[in-house]
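Structure file upload29.cif with mmCIF, C-alpha atoms:
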data_final
loop_
_atom_site.label_atom_id
_atom_site.label_comp_id
_atom_site.auth_asym_id
_atom_site.auth_seq_id
_atom_site.Cartn_x
_atom_site.Cartn_y
_atom_site.Cartn_z
CA MET W 1 0.00 0.00 0.00
CA GLN W 2 1.17 3.46 -0.89
CA ILE W 3 1.72 5.67 2.11
CA SER W 4 1.96 9.44 1.93
CA LEU W 5 5.22 11.39 2.17
CA GLU W 6 4.01 12.79 5.47
CA GLU W 7 3.49 9.29 6.88
CA GLN W 8 6.89 8.13 5.62
CA PHE W 9 8.42 11.16 7.29
CA GLN W 10 6.73 10.40 10.62
CA GLN W 11 7.82 6.76 10.38
CA LYS W 12 11.44 7.84 10.05
CA ILE W 13 11.07 10.13 13.05
CA ASP W 14 9.47 7.31 15.09
CA GLN W 15 12.37 5.02 14.19
CA GLU W 16 14.84 7.68 15.37
CA ILE W 17 16.22 8.12 11.85
CA LYS W 18 17.57 11.66 11.58
CA ILE W 19 16.20 14.00 8.93
CA GLU W 20 18.89 15.49 6.69
CA PRO W 21 18.53 18.75 4.74
CA LYS W 22 17.77 17.24 1.32
CA ASP W 23 15.19 14.77 2.64
CA TRP W 24 11.52 15.49 2.13
CA MET W 25 9.99 17.29 5.10
CA PRO W 26 6.64 18.97 5.80
CA GLU W 27 6.79 22.71 5.19
CA LYS W 28 5.73 23.37 8.77
CA TYR W 29 8.64 21.27 10.06
CA ARG W 30 11.05 23.31 7.91
CA HIS W 31 9.61 26.63 9.03
CA THR W 32 9.49 25.65 12.70
CA LEU W 33 13.14 24.63 12.56
CA ILE W 34 14.25 27.77 10.72
CA ARG W 35 12.48 29.85 13.34
CA GLN W 36 13.81 27.88 16.29
CA ILE W 37 17.41 27.50 15.09
CA SER W 38 17.75 31.11 13.98
CA GLN W 39 16.29 32.37 17.26
CA HIS W 40 18.73 30.17 19.05
CA ALA W 41 21.61 31.59 16.96
CA HIS W 42 20.45 35.17 17.59
CA SER W 43 20.36 34.41 21.33
CA GLU W 44 23.97 33.26 21.30
CA VAL W 45 25.07 36.38 19.45
CA VAL W 46 23.02 38.91 21.47
CA GLY W 47 24.06 36.99 24.59
CA MET W 48 27.60 38.27 24.10
CA LEU W 49 26.47 41.84 24.83
CA PRO W 50 25.58 41.67 28.55
CA GLU W 51 28.79 39.77 29.27
CA GLY W 52 30.96 41.90 27.00
CA ASN W 53 29.99 44.74 29.33
CA TRP W 54 32.36 43.31 31.97
CA ILE W 55 35.39 42.21 29.93
CA THR W 56 37.29 45.45 30.54
CA ARG W 57 36.25 45.55 34.19
CA ALA W 58 36.83 41.93 35.24
CA PRO W 59 38.44 41.90 38.70
CA SER W 60 41.56 39.97 37.68
CA LEU W 61 43.50 38.87 34.63
CA LYS W 62 42.33 35.29 35.24
CA ARG W 63 38.66 36.32 35.26
CA LYS W 64 39.19 38.44 32.18
CA ALA W 65 40.76 35.57 30.24
CA ILE W 66 37.91 33.25 31.29
CA LEU W 67 35.26 35.78 30.28
CA LEU W 68 36.94 36.42 26.93
CA ALA W 69 37.03 32.69 26.20
CA LYS W 70 33.39 32.33 27.16
CA VAL W 71 32.24 35.23 24.99
CA GLN W 72 34.27 33.85 22.09
CA ASP W 73 32.49 30.52 22.58
CA GLU W 74 29.10 32.25 22.34
CA ALA W 75 30.13 33.74 18.99
CA GLY W 76 31.14 30.25 17.84
CA HIS W 77 27.83 28.78 18.99
CA GLY W 78 25.99 31.43 17.02
CA LEU W 79 27.99 30.45 13.92
CA TYR W 80 27.34 26.70 14.31
CA LEU W 81 23.64 27.43 14.57
CA TYR W 82 23.43 29.91 11.70
CA SER W 83 25.11 27.28 9.50
CA ALA W 84 22.60 24.64 10.60
CA ALA W 85 19.70 26.99 9.76
CA GLU W 86 21.22 27.76 6.35
CA THR W 87 20.97 24.08 5.38
CA LEU W 88 17.18 24.60 5.44
CA GLY W 89 17.40 27.17 2.66
CA ILE W 90 17.48 30.54 4.41
CA SER W 91 20.49 32.81 3.85
CA ARG W 92 22.64 34.28 6.59
CA ASP W 93 21.84 37.81 5.47
CA GLU W 94 18.11 37.11 5.61
CA MET W 95 18.47 35.92 9.21
CA TYR W 96 20.46 39.03 10.16
CA GLU W 97 17.81 41.15 8.52
CA GLN W 98 15.09 39.41 10.57
CA LEU W 99 17.03 40.08 13.77
CA HIS W 100 17.81 43.71 12.98
CA SER W 101 14.27 44.52 11.91
CA GLY W 102 12.86 42.97 15.09
CA ARG W 103 10.91 40.28 13.19
CA ALA W 104 12.98 37.51 14.76
CA LYS W 105 13.17 37.08 18.51
CA TYR W 106 16.01 36.03 20.77
CA SER W 107 15.95 34.78 24.34
CA SER W 108 14.28 37.40 26.54
CA ILE W 109 16.92 36.88 29.25
CA PHE W 110 19.45 39.00 27.36
CA ASN W 111 17.27 42.07 27.70
CA TYR W 112 18.22 42.34 31.36
CA PRO W 113 21.22 44.47 32.42
CA THR W 114 24.46 43.26 34.06
CA LEU W 115 24.80 45.70 36.94
CA ASN W 116 27.67 44.27 38.96
CA TRP W 117 30.44 41.70 38.66
CA ALA W 118 28.42 39.00 40.44
CA ASP W 119 25.99 39.12 37.49
CA ILE W 120 28.67 37.42 35.39
CA GLY W 121 28.73 34.53 37.87
CA ALA W 122 24.93 34.40 37.99
CA ILE W 123 24.70 34.33 34.19
CA GLY W 124 27.13 31.41 34.01
CA TRP W 125 25.48 29.41 36.76
CA LEU W 126 21.78 30.23 36.22
CA VAL W 127 21.37 31.46 32.63
CA ASP W 128 23.79 28.95 31.10
CA GLY W 129 22.47 26.32 33.51
CA ALA W 130 18.95 26.89 32.18
CA ALA W 131 20.25 26.93 28.61
CA ILE W 132 22.02 23.59 29.12
CA MET W 133 18.79 22.07 30.49
CA ASN W 134 17.19 23.01 27.16
CA GLN W 135 20.16 22.13 24.99
CA VAL W 136 21.13 18.67 26.19
CA PRO W 137 17.88 17.08 24.89
CA LEU W 138 18.37 19.02 21.62
CA CYS W 139 21.48 16.92 20.94
CA ARG W 140 18.93 14.21 20.03
CA THR W 141 16.59 16.47 18.06
CA SER W 142 15.32 14.94 14.82
CA PHE W 143 17.05 17.32 12.36
CA GLY W 144 20.65 16.15 11.78
CA PRO W 145 22.53 19.46 11.34
CA TYR W 146 20.81 20.97 14.42
CA ALA W 147 21.60 17.90 16.55
CA ARG W 148 25.25 17.93 15.45
CA ALA W 149 25.60 21.64 16.21
CA MET W 150 24.08 21.10 19.64
CA VAL W 151 26.52 18.32 20.48
CA ARG W 152 29.36 20.76 19.90
CA VAL W 153 27.60 23.55 21.82
CA CYS W 154 26.91 21.35 24.85
CA LYS W 155 30.49 20.14 25.02
CA GLU W 156 31.65 23.76 25.34
CA GLU W 157 28.80 25.02 27.49
CA SER W 158 29.67 23.00 30.57
CA PHE W 159 32.72 25.16 31.29
CA HIS W 160 30.44 28.20 31.18
CA GLN W 161 28.23 26.91 33.94
CA ARG W 162 31.11 25.71 36.09
CA GLN W 163 33.05 28.98 35.89
CA GLY W 164 29.84 30.83 36.84
CA PHE W 165 29.28 28.75 39.94
CA GLU W 166 32.92 29.06 40.90
CA CYS W 167 32.77 32.84 40.49
CA LEU W 168 29.80 33.01 42.92
CA TRP W 169 31.40 30.42 45.22
CA VAL W 170 34.41 32.71 45.67
CA LEU W 171 32.15 35.72 46.34
CA SER W 172 30.08 33.72 48.82
CA LYS W 173 33.25 33.08 50.84
CA GLY W 174 34.28 36.73 50.69
CA THR W 175 33.50 39.91 52.63
CA GLU W 176 29.99 40.92 53.71
CA GLU W 177 29.82 43.22 50.72
CA GLN W 178 30.77 40.44 48.30
CA LYS W 179 28.17 38.12 49.82
CA LYS W 180 25.57 40.85 49.34
CA MET W 181 26.57 41.26 45.69
CA CYS W 182 26.21 37.53 45.19
CA GLN W 183 22.73 37.39 46.74
CA ASP W 184 21.63 40.50 44.85
CA ALA W 185 22.64 39.00 41.50
CA ILE W 186 20.80 35.76 42.27
CA ASN W 187 17.71 37.74 43.28
CA ARG W 188 17.63 39.62 39.99
CA TRP W 189 18.38 36.69 37.65
CA TRP W 190 16.30 33.92 39.21
CA TRP W 191 12.82 34.75 37.89
CA PRO W 192 13.92 35.77 34.37
CA CYS W 193 15.80 32.43 34.22
CA LEU W 194 12.61 30.50 34.96
CA MET W 195 10.96 32.39 32.09
CA MET W 196 13.70 31.18 29.72
CA PHE W 197 11.90 27.85 29.40
CA GLY W 198 9.00 29.59 27.69
CA PRO W 199 5.25 29.73 28.38
CA LYS W 200 3.46 27.11 30.45
CA ASP W 201 2.58 23.91 28.58
CA ASP W 202 -1.12 24.72 28.35
CA GLU W 203 -0.25 28.07 26.72
CA SER W 204 2.29 26.62 24.31
CA PRO W 205 0.15 25.46 21.39
CA ASN W 206 2.97 24.04 19.24
CA THR W 207 4.42 21.80 21.91
CA MET W 208 2.47 18.67 20.94
CA GLN W 209 3.39 18.89 17.26
CA ASN W 210 7.03 19.61 18.06
CA MET W 211 7.17 16.66 20.44
CA GLN W 212 5.63 14.39 17.78
CA TRP W 213 8.29 15.54 15.31
CA LYS W 214 10.91 15.13 18.05
CA ILE W 215 12.14 18.66 17.57
CA LYS W 216 11.45 18.97 21.27
CA ARG W 217 11.98 16.06 23.64
CA PHE W 218 10.54 17.54 26.85
CA THR W 219 7.89 20.16 27.52
CA ASN W 220 8.69 23.64 28.85
CA ASP W 221 7.25 22.88 32.29
CA ALA W 222 9.12 19.58 32.60
CA LEU W 223 12.46 21.26 31.87
CA ARG W 224 11.65 24.18 34.18
CA GLN W 225 10.92 21.76 37.01
CA LYS W 226 14.19 19.92 36.44
CA PHE W 227 16.05 23.23 36.59
CA VAL W 228 14.35 24.30 39.84
CA ASP W 229 15.17 20.94 41.45
CA MET W 230 18.81 21.23 40.44
CA ILE W 231 19.35 24.85 41.51
CA ALA W 232 17.42 24.54 44.79
CA GLU W 233 20.01 21.97 45.86
CA GLN W 234 23.09 23.71 44.45
CA ILE W 235 22.31 27.03 46.12
CA LYS W 236 22.70 25.42 49.54
CA LEU W 237 26.43 25.12 48.84
CA LEU W 238 26.63 28.88 48.29
CA GLY W 239 24.76 29.60 51.54
CA MET W 240 22.45 31.91 49.54
CA LYS W 241 18.67 31.95 49.10
CA LEU W 242 16.43 31.85 46.03
CA PRO W 243 14.02 34.83 46.05
CA ASP W 244 10.88 32.69 46.28
CA PRO W 245 9.01 32.33 49.60
CA ASP W 246 6.94 29.49 48.10
CA LEU W 247 9.92 27.34 47.23
CA LYS W 248 9.79 24.10 49.20
CA TRP W 249 10.42 20.39 48.83
CA ASN W 250 7.27 18.37 48.13
CA GLU W 251 7.50 14.80 49.44
CA ALA W 252 4.51 13.65 47.43
CA THR W 253 5.78 14.75 44.01
CA ALA W 254 9.49 14.38 44.88
CA HIS W 255 10.05 17.82 43.36
CA TYR W 256 10.40 21.37 44.62
CA ASP W 257 7.23 23.47 44.52
CA TYR W 258 7.85 27.03 43.40
CA GLY W 259 5.94 30.31 43.29
CA LYS W 260 4.03 31.97 40.49
CA ILE W 261 5.98 33.34 37.55
CA ASN W 262 5.11 36.88 36.47
CA TRP W 263 4.05 36.13 32.90
CA ASP W 264 3.07 39.72 32.25
CA GLU W 265 6.70 40.65 32.65
CA PHE W 266 7.72 37.84 30.29
CA TRP W 267 5.36 39.00 27.52
CA GLN W 268 6.38 42.62 28.02
CA VAL W 269 10.03 41.72 27.49
CA VAL W 270 9.25 39.48 24.50
CA GLN W 271 7.30 42.33 22.92
CA GLY W 272 10.28 44.65 23.16
CA ASN W 273 9.65 46.48 26.42
CA GLY W 274 12.33 44.90 28.62
CA PRO W 275 15.00 47.00 30.31
CA CYS W 276 17.58 46.61 27.50
CA ASN W 277 15.72 45.55 24.31
CA LYS W 278 16.45 48.80 22.47
CA GLU W 279 20.06 48.95 23.60
CA ARG W 280 20.75 45.34 22.50
CA LEU W 281 19.24 45.74 19.04
CA ALA W 282 20.96 49.09 18.55
CA ALA W 283 24.31 47.49 19.43
CA ARG W 284 23.75 44.68 16.90
CA LYS W 285 22.66 47.03 14.12
CA ASN W 286 25.54 49.36 14.84
CA ALA W 287 28.05 46.48 14.66
CA TRP W 288 26.55 45.37 11.34
CA ASP W 289 26.48 48.84 9.79
CA GLU W 290 29.89 49.89 11.05
CA GLY W 291 31.34 46.60 9.78
CA ALA W 292 30.05 47.10 6.24
CA TRP W 293 33.33 48.58 4.98
CA VAL W 294 35.27 45.64 6.43
CA ARG W 295 33.08 43.14 4.59
CA GLU W 296 33.42 45.09 1.36
CA ALA W 297 37.19 45.43 1.77
CA ALA W 298 37.57 41.67 2.34
CA THR W 299 35.53 40.93 -0.78
CA ALA W 300 37.60 43.37 -2.85
CA HIS W 301 40.83 41.88 -1.49
CA ALA W 302 39.65 38.36 -2.34
CA GLU W 303 38.73 39.43 -5.89
CA LYS W 304 42.10 41.11 -6.41
CA ASN W 305 43.92 37.99 -5.22
CA GLN W 306 41.75 35.85 -7.49
CA ILE W 307 42.88 37.89 -10.50
CA LYS W 308 46.51 37.62 -9.39
CA ILE W 309 46.26 33.84 -8.97
CA SER W 310 44.59 33.24 -12.31
CA SER W 311 47.21 35.34 -14.09
CA MET W 312 49.94 33.34 -12.37
CA LEU W 313 48.32 30.13 -13.62
CA HIS W 314 48.61 31.22 -17.24
CA PRO W 315 52.00 32.92 -17.61
CA ASN W 316 51.97 32.27 -21.35
CA ASP W 317 48.80 34.29 -21.80
CA ILE W 318 50.47 37.26 -20.20
CA ASN W 319 53.66 36.99 -22.22
CA LEU W 320 51.93 36.71 -25.56
CA GLY W 321 51.81 40.44 -26.12
CA SER W 322 55.39 41.21 -25.11
CA MET Q 1 21.57 5.74 -14.03
CA LYS Q 2 21.06 9.36 -14.70
CA ASN Q 3 21.16 12.42 -12.57
CA LEU Q 4 22.73 10.71 -9.58
CA ILE Q 5 24.78 13.75 -8.81
CA CYS Q 6 23.60 17.14 -7.72
CA ARG Q 7 25.46 20.20 -6.62
CA PHE Q 8 25.14 21.60 -3.14
CA PHE Q 9 25.44 25.30 -2.52
CA TYR Q 10 24.46 25.86 1.09
CA GLY Q 11 25.93 23.30 3.41
CA ASP Q 12 23.98 20.13 2.87
CA TYR Q 13 21.29 21.99 1.02
CA GLY Q 14 21.13 21.48 -2.72
CA GLU Q 15 19.94 23.74 -5.51
CA GLU Q 16 17.35 21.12 -6.40
CA LYS Q 17 14.12 21.31 -4.52
CA ASN Q 18 12.76 18.07 -3.16
CA ASN Q 19 10.11 20.13 -1.57
CA THR Q 20 7.52 22.48 -2.88
CA THR Q 21 8.93 24.99 -0.49
CA ASN Q 22 7.54 28.48 -0.56
CA LEU Q 23 10.48 30.10 1.13
CA PRO Q 24 11.69 33.23 -0.58
CA GLN Q 25 14.22 31.95 -3.09
CA GLU Q 26 17.82 32.81 -2.37
CA GLU Q 27 18.65 36.06 -4.06
CA SER Q 28 22.38 35.38 -3.64
CA PRO Q 29 23.15 38.83 -2.31
CA GLU Q 30 26.16 40.31 -4.07
CA ASN Q 31 27.93 41.13 -0.85
CA GLN Q 32 27.41 37.83 0.98
CA TRP Q 33 30.66 35.94 1.32
CA PRO Q 34 30.65 32.43 -0.16
CA LEU Q 35 30.09 29.37 2.00
CA TRP Q 36 32.91 26.95 2.80
CA GLU Q 37 32.82 23.43 4.20
CA VAL Q 38 35.34 22.64 6.93
CA PHE Q 39 37.11 19.29 7.44
CA ILE Q 40 39.34 18.58 10.45
CA ARG Q 41 41.92 15.88 11.06
CA SER Q 42 41.60 15.32 14.81
CA LYS Q 43 44.99 13.63 15.14
CA GLN Q 44 47.77 12.21 13.01
CA GLY Q 45 46.74 8.94 11.41
CA LEU Q 46 43.01 9.74 11.15
CA ASP Q 47 40.99 11.00 8.18
CA HIS Q 48 39.79 14.55 7.85
CA LYS Q 49 36.15 14.66 8.88
CA HIS Q 50 33.44 17.16 8.00
CA VAL Q 51 32.67 19.39 11.00
CA GLY Q 52 30.54 22.20 9.60
CA SER Q 53 30.56 25.27 7.43
CA LEU Q 54 31.25 28.99 7.53
CA HIS Q 55 31.29 32.11 5.34
CA ALA Q 56 34.54 33.73 4.22
CA ALA Q 57 35.69 36.03 1.45
CA ASP Q 58 38.54 33.73 0.35
CA ALA Q 59 40.41 30.56 1.24
CA ALA Q 60 42.84 32.30 3.60
CA MET Q 61 40.01 33.83 5.59
CA ALA Q 62 38.10 30.54 5.55
CA MET Q 63 41.17 28.87 7.05
CA GLU Q 64 41.52 31.51 9.78
CA ASN Q 65 37.82 31.36 10.63
CA ALA Q 66 37.83 27.55 10.66
CA ARG Q 67 40.70 27.67 13.12
CA ASP Q 68 38.80 30.07 15.40
CA VAL Q 69 35.39 28.45 15.10
CA TYR Q 70 36.19 24.75 15.04
CA THR Q 71 39.51 24.21 16.85
CA ARG Q 72 39.49 26.28 20.03
CA ARG Q 73 40.05 23.19 22.19
CA ASN Q 74 42.66 21.09 20.40
CA GLU Q 75 40.07 19.47 18.15
CA GLY Q 76 42.50 19.19 15.27
CA VAL Q 77 45.98 19.09 13.82
CA SER Q 78 45.03 19.87 10.23
CA ILE Q 79 42.23 21.75 8.43
CA TRP Q 80 40.79 21.50 4.93
CA VAL Q 81 38.39 24.14 3.61
CA VAL Q 82 36.45 23.64 0.39
CA GLU Q 83 34.11 26.14 -1.15
CA SER Q 84 30.67 24.51 -0.81
CA LYS Q 85 29.72 25.08 -4.45
CA ASN Q 86 32.53 22.71 -5.46
CA ILE Q 87 31.05 19.77 -3.58
CA HIS Q 88 28.99 17.29 -5.56
CA ALA Q 89 26.77 14.98 -3.56
CA SER Q 90 24.46 12.05 -4.23
CA ASN Q 91 20.76 12.77 -4.19
CA PRO Q 92 18.74 11.15 -1.33
CA ASP Q 93 16.04 10.22 -3.89
CA ASP Q 94 18.56 7.92 -5.53
CA ALA Q 95 19.61 6.21 -2.33
CA ALA Q 96 17.67 3.05 -3.25
CA ALA Q 97 19.22 2.78 -6.72
CA LEU Q 98 22.69 3.44 -5.37
CA PHE Q 99 22.86 1.50 -2.15
CA GLU Q 100 20.18 -1.19 -2.01
CA PRO Q 101 21.83 -3.57 -4.54
CA ALA Q 102 24.48 -4.14 -1.86
CA ASN Q 103 21.86 -5.73 0.44
CA ASP Q 104 21.38 -8.92 -1.61
CA LYS Q 105 25.07 -9.64 -2.07
CA ILE Q 106 25.65 -11.26 1.28
CA TYR Q 107 28.35 -13.46 -0.26
CA ARG Q 108 30.57 -10.38 -0.11
CA HIS Q 109 30.82 -10.80 3.65
CA PRO Q 110 33.09 -13.39 5.29
CA SER Q 111 30.26 -14.59 7.55
CA PHE Q 112 28.44 -15.97 4.46
CA TYR Q 113 30.78 -18.99 4.30
CA GLU Q 114 30.25 -22.00 6.52
CA LEU Q 115 33.54 -23.64 7.18
CA PRO Q 116 34.56 -26.70 9.25
CA ASP Q 117 35.34 -25.94 12.92
CA GLU Q 118 38.70 -27.67 12.55
CA LEU Q 119 39.89 -24.97 10.17
CA LYS Q 120 42.24 -22.65 12.06
CA HIS Q 121 43.58 -19.16 11.49
CA MET Q 122 41.02 -17.98 8.94
#
Now, as a test, write the supplied structure out as structure tokens.
Amino acid sequence: MQISLEEQFQQKIDQEIKIEPKDWMPEKYRHTLIRQISQHAHSEVVGMLPEGNWITRAPSLKRKAILLAKVQDEAGHGLYLYSAAETLGISRDEMYEQLHSGRAKYSSIFNYPTLNWADIGAIGWLVDGAAIMNQVPLCRTSFGPYARAMVRVCKEESFHQRQGFECLWVLSKGTEEQKKMCQDAINRWWWPCLMMFGPKDDESPNTMQNMQWKIKRFTNDALRQKFVDMIAEQIKLLGMKLPDPDLKWNEATAHYDYGKINWDEFWQVVQGNGPCNKERLAARKNAWDEGAWVREAATAHAEKNQIKISSMLHPNDINLGS
Amino acid sequence: MKNLICRFFYGDYGEEKNNTTNLPQEESPENQWPLWEVFIRSKQGLDHKHVGSLHAADAAMAMENARDVYTRRNEGVSIWVVESKNIHASNPDDAAALFEPANDKIYRHPSFYELPDELKHM
């Protein structure tokens, strides 16, 4: 019996056979992936901005070298992901255009400011910790190029989280003032980090389809819960507190219960009204516009060299006239 | 056996459409740098293996970018970069014609042959 392309596609997914770029795929699968992968890439690239803020003001040469390496990694992650999205037929320039015009989104977390040095630790531990929670299952996502990019990203991301915790660990053993900085950073980053996992399952209409296509392996709420359980334990080592009076261990569910997330704030930030949305986009657009002459110069240089090389390949042609 | 080869311009993505996609067709912007595929030899004695792709104006820049993007943690001892448009790849639609004939030639595998237990060193 003849089965439809769509059914064949789903059969492959069910058998854990990866989808590669030239394979047939439903249009919605392609578009969902382009949207998700490019948003992910934009997040890596915009994510360099809040951290870049502290490179020149890192408290020691060691911390500066670590932060530089981490920010360079984020640029690399953006590049892996842009390449993966390009295999689906969208160009790099088109993706940049979508970011710069505000049509494409990036993770709302990067629209919050980094006010003191402890924020760099909190970003590593909490923001990258939440990102890893999301990213590890994506190593098994059904689209081959995305899964391969995520394997590379995850390998590099674990240093990010560890250096973040270590940064806060040192502060938590420091002076009263340093302890205060540490707690203050945790207080400001905790709730936005919980929002990183996206809307609640019952308000996330595409979740079922994306799970069936194995783009997603776990729901937003399941990943959020895993993150809360992990951090609620880890924070004990720092001797700090999460800013949630409702946080407590639930024997019955064997999970931590946590308080209500302010979804109004989440949607405000997504819609462009977060503390730093305008600043972040302006920085990206500025970097793109100011870099235009560099891109043109590199192209001109490459063309000039191309002419030189081809004339070297045919010395006889050149000598004919002389 | 015709049309078993197609050219790939964007990573693994070919110029042929297997899909009736309604994405805006690539306008190949004049100023966009070409795409390059990157291959890394992880250590002496092993093959170069495809690791991903990147944009660069020329081969020298592709090499520098490949070094920065794909070998920040001792992942390699040697890099190849190839402009993606120069890669020719088999078409997934032809996978059956190309690869299935191998399935019914089990006599090509050593396990096909039943030999006496007394036979040693074979």
- Got a sec to resolve the PyMOL selection byres ((chain W and resi 122) around 9) on this structure and send the residues as a list in words? Ala118, Asp119, Ile120, Gly121, Ile123, Gly124, Trp125, Leu126, Val127, Asp128, Gly164, Phe165, Cys167, Leu168, Cys182, Ala185, Ile186, Trp189 and Trp190 of chain W
- Message: Distance limit 8 Å, atoms considered: only C-alpha atoms. Which chain W residues sit that close to chain Q? Return them as a ChimeraX atom specification.
- Response: /W:20-25,27,76,79-80,83,86-91,93,295-296,298-299,302
- Message: Residues near range 32-40 of chain W, anyone? I mean within 8 Å using all atoms listed in the file, not counting same-chain ones fewer than 2 positions away, as a ChimeraX atom specification.
- Response: /W:28-30,42-44,78,81-82,84-85,88,90,95,104-107,146,215
- Task: Show me as a PyMOL selection string the residues that reach within 12 Å of (14.1, 27.8, 29.8), counting all atoms listed in the file and using the file's own coordinates.
- Result: chain W and resi 40+107-109+126-135+190-200+218-228+266
Let me know the residues the PyMOL selection byres ((chain W and resi 244-258) around 7) catches in the file above, as a PDB file with C-alpha atoms, in the coordinates of the input.
ATOM      1  CA  VAL W 228      14.350  24.300  39.840  1.00  0.00           C
ATOM      2  CA  ASP W 229      15.170  20.940  41.450  1.00  0.00           C
ATOM      3  CA  LEU W 242      16.430  31.850  46.030  1.00  0.00           C
ATOM      4  CA  PRO W 243      14.020  34.830  46.050  1.00  0.00           C
ATOM      5  CA  GLY W 259       5.940  30.310  43.290  1.00  0.00           C
ATOM      6  CA  LYS W 260       4.030  31.970  40.490  1.00  0.00           C
TER       7      LYS W 260
END
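Between Glu75 in chain Q and the residues W:Glu177, W:Leu49, W:Glu279, W:Lys155, the shortest atom-to-atom distance, using only C-alpha atoms, involves W:Lys155.
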Please evaluate the PyMOL selection byres ((chain W and resi 66) around 12) against the structure above and give the resulting residues as a compact mmCIF listing (two decimals) with C-alpha atoms, keeping the file's coordinate frame.
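Below you can see expr-v1.txt, which holds the result:
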# COMPACT_ATOMS: atom_id res chain seq x y z
CA GLU W 51 28.79 39.77 29.27
CA GLY W 52 30.96 41.90 27.00
CA TRP W 54 32.36 43.31 31.97
CA ILE W 55 35.39 42.21 29.93
CA ALA W 58 36.83 41.93 35.24
CA PRO W 59 38.44 41.90 38.70
CA SER W 60 41.56 39.97 37.68
CA LEU W 61 43.50 38.87 34.63
CA LYS W 62 42.33 35.29 35.24
CA ARG W 63 38.66 36.32 35.26
CA LYS W 64 39.19 38.44 32.18
CA ALA W 65 40.76 35.57 30.24
CA LEU W 67 35.26 35.78 30.28
CA LEU W 68 36.94 36.42 26.93
CA ALA W 69 37.03 32.69 26.20
CA LYS W 70 33.39 32.33 27.16
CA VAL W 71 32.24 35.23 24.99
CA GLN W 72 34.27 33.85 22.09
CA ASP W 73 32.49 30.52 22.58
CA ILE W 120 28.67 37.42 35.39
CA GLY W 121 28.73 34.53 37.87
CA GLY W 124 27.13 31.41 34.01
CA PHE W 159 32.72 25.16 31.29
CA HIS W 160 30.44 28.20 31.18
CA GLN W 161 28.23 26.91 33.94
CA ARG W 162 31.11 25.71 36.09
CA GLN W 163 33.05 28.98 35.89
CA GLY W 164 29.84 30.83 36.84
CA GLU W 166 32.92 29.06 40.90
CA CYS W 167 32.77 32.84 40.49
- Query: So what do you get for CA of Gln15 in chain W versus CA of Phe143 in chain W, distance-wise?
  - Reply: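 The value is 13.3 Å.
CA of Trp80 in chain Q is found 8.4 Å from CA of Arg41 in chain Q.
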- Figure out the distance between CA of Asp14 in chain W and CA of Met208 in chain W, please, to one decimal in Å. 14.6 Å
- Query: Leaving out Gln212 in chain W and any residue of its chain fewer than 2 positions from it, which residues lie within 12 Å of it when counting all atoms listed in the file, given as a PyMOL selection string?
  - Reply: chain W and resi 9-14+16+29+141-142+206-210+214-219
- Note on the structure: From the list W:Ala41, W:Ile231, W:Pro50, W:Lys285, the nearest residue to Met150 in chain W using only C-alpha atoms is W:Ala41
